[in-house]
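Structure record follows, encoded as structure tokens.
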Amino acid sequence: RWDGAGYPRGLAGRAIPLGGRIMAVADVYDAMRSARPYKGPLGHAEAVEFISSEAGTRFDPLIVESFLAVAGEFERIFASG
């Protein structure tokens, strides 16, 4: 989490490695869009809304901004399977 809650050693903000900040967004998008034994898949719009709403707490706001700029590509790639 960008705010450091739950992150090993209490890292927060820019102290979290860039790769981890990027993967946090990508992983949550994939998890939300994918069917799991305990839940059905959510749509692209719901995943984007959740990620956007968590900018600054769960996710790095600059990474979210970059994600939003290319969110259509995430949808296209996910749909191609």
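Letters A, B, ... go to the chains of the structure tokens in the order shown; residues in each chain start at 1; ligands are counted from 1 in the same order.
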
Write out as a ChimeraX atom specification the residues lying within 10 Å of Glu75 of chain A, counting only C-alpha atoms and excluding same-chain residues fewer than 6 positions away.
-> /A:29,33,43-45,48

Test item, alpha helix (DSSP H) assignment across segment 26-67 of chain A, answer as a compact mmCIF listing (two decimals) with N, CA and C atoms, in the first residue's frame:
```
# COMPACT_ATOMS: atom_id res chain seq x y z
N ALA A 26 -1.26 -3.34 -11.47
CA ALA A 26 -1.48 -4.39 -12.47
C ALA A 26 -2.11 -5.63 -11.83
N ASP A 27 -1.63 -6.02 -10.65
CA ASP A 27 -2.12 -7.21 -9.98
C ASP A 27 -3.58 -7.05 -9.55
N VAL A 28 -3.92 -5.89 -9.02
CA VAL A 28 -5.30 -5.66 -8.59
C VAL A 28 -6.23 -5.63 -9.81
N TYR A 29 -5.80 -5.01 -10.89
CA TYR A 29 -6.63 -5.00 -12.10
C TYR A 29 -6.89 -6.43 -12.54
N ASP A 30 -5.85 -7.24 -12.64
CA ASP A 30 -6.01 -8.62 -13.08
C ASP A 30 -6.90 -9.41 -12.13
N ALA A 31 -6.68 -9.25 -10.83
CA ALA A 31 -7.48 -9.98 -9.85
C ALA A 31 -8.96 -9.61 -9.93
N MET A 32 -9.24 -8.34 -10.13
CA MET A 32 -10.63 -7.90 -10.21
C MET A 32 -11.31 -8.40 -11.48
N ARG A 33 -10.56 -8.44 -12.57
CA ARG A 33 -11.14 -8.85 -13.85
C ARG A 33 -11.28 -10.36 -14.00
N HIS A 44 -14.32 -4.04 -16.71
CA HIS A 44 -13.23 -3.08 -16.82
C HIS A 44 -13.55 -1.79 -16.07
N ALA A 45 -14.74 -1.27 -16.26
CA ALA A 45 -15.11 0.01 -15.63
C ALA A 45 -15.05 -0.07 -14.11
N GLU A 46 -15.51 -1.19 -13.54
CA GLU A 46 -15.46 -1.34 -12.08
C GLU A 46 -14.02 -1.40 -11.58
N ALA A 47 -13.17 -2.11 -12.29
CA ALA A 47 -11.76 -2.21 -11.90
C ALA A 47 -11.09 -0.84 -11.97
N VAL A 48 -11.34 -0.11 -13.04
CA VAL A 48 -10.74 1.21 -13.20
C VAL A 48 -11.24 2.16 -12.11
N GLU A 49 -12.52 2.11 -11.81
CA GLU A 49 -13.08 2.97 -10.76
C GLU A 49 -12.46 2.67 -9.41
N PHE A 50 -12.31 1.38 -9.08
CA PHE A 50 -11.70 1.03 -7.80
C PHE A 50 -10.26 1.52 -7.72
N ILE A 51 -9.48 1.25 -8.74
CA ILE A 51 -8.08 1.68 -8.74
C ILE A 51 -7.99 3.19 -8.62
N SER A 52 -8.81 3.88 -9.37
CA SER A 52 -8.82 5.34 -9.31
C SER A 52 -9.18 5.85 -7.91
N SER A 53 -10.14 5.20 -7.28
CA SER A 53 -10.58 5.65 -5.96
C SER A 53 -9.54 5.40 -4.87
N PRO A 61 -0.29 7.67 -6.57
CA PRO A 61 -1.14 8.48 -7.44
C PRO A 61 -0.56 8.67 -8.85
N LEU A 62 0.75 8.75 -8.98
CA LEU A 62 1.35 8.92 -10.31
C LEU A 62 1.22 7.64 -11.14
N ILE A 63 1.31 6.49 -10.49
CA ILE A 63 1.13 5.23 -11.20
C ILE A 63 -0.33 5.11 -11.64
N VAL A 64 -1.25 5.50 -10.78
CA VAL A 64 -2.67 5.47 -11.15
C VAL A 64 -2.93 6.41 -12.32
N GLU A 65 -2.35 7.58 -12.29
CA GLU A 65 -2.50 8.52 -13.40
C GLU A 65 -2.00 7.90 -14.71
N SER A 66 -0.86 7.24 -14.66
CA SER A 66 -0.33 6.57 -15.85
C SER A 66 -1.23 5.43 -16.28
N PHE A 67 -1.73 4.66 -15.32
CA PHE A 67 -2.67 3.57 -15.62
C PHE A 67 -3.91 4.12 -16.33
```

Please measure the separation of atom CA of Ile16 of chain A and atom CA of Gly4 of chain A, giving the value in Å to one decimal.
-> 8.6 Å

Using only C-alpha atoms: which of A:Trp2, A:Ile77, A:Tyr38, A:Glu54 has the shortest distance to Arg14 of chain A =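 So, comparing all the options, the nearest one is A:Trp2.
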
In Å and to one decimal, atom CA of Pro41 of chain A is distant from atom CA of Ala5 of chain A by 26.3 Å

Which of A:Ala55, A:Leu42, A:Ala69, A:Ala79 sits closest to Gly13 of chain A [using only C-alpha atoms] =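 Looking only at the distances to Gly13 of chain A, the closest residue turns out to be A:Ala55.
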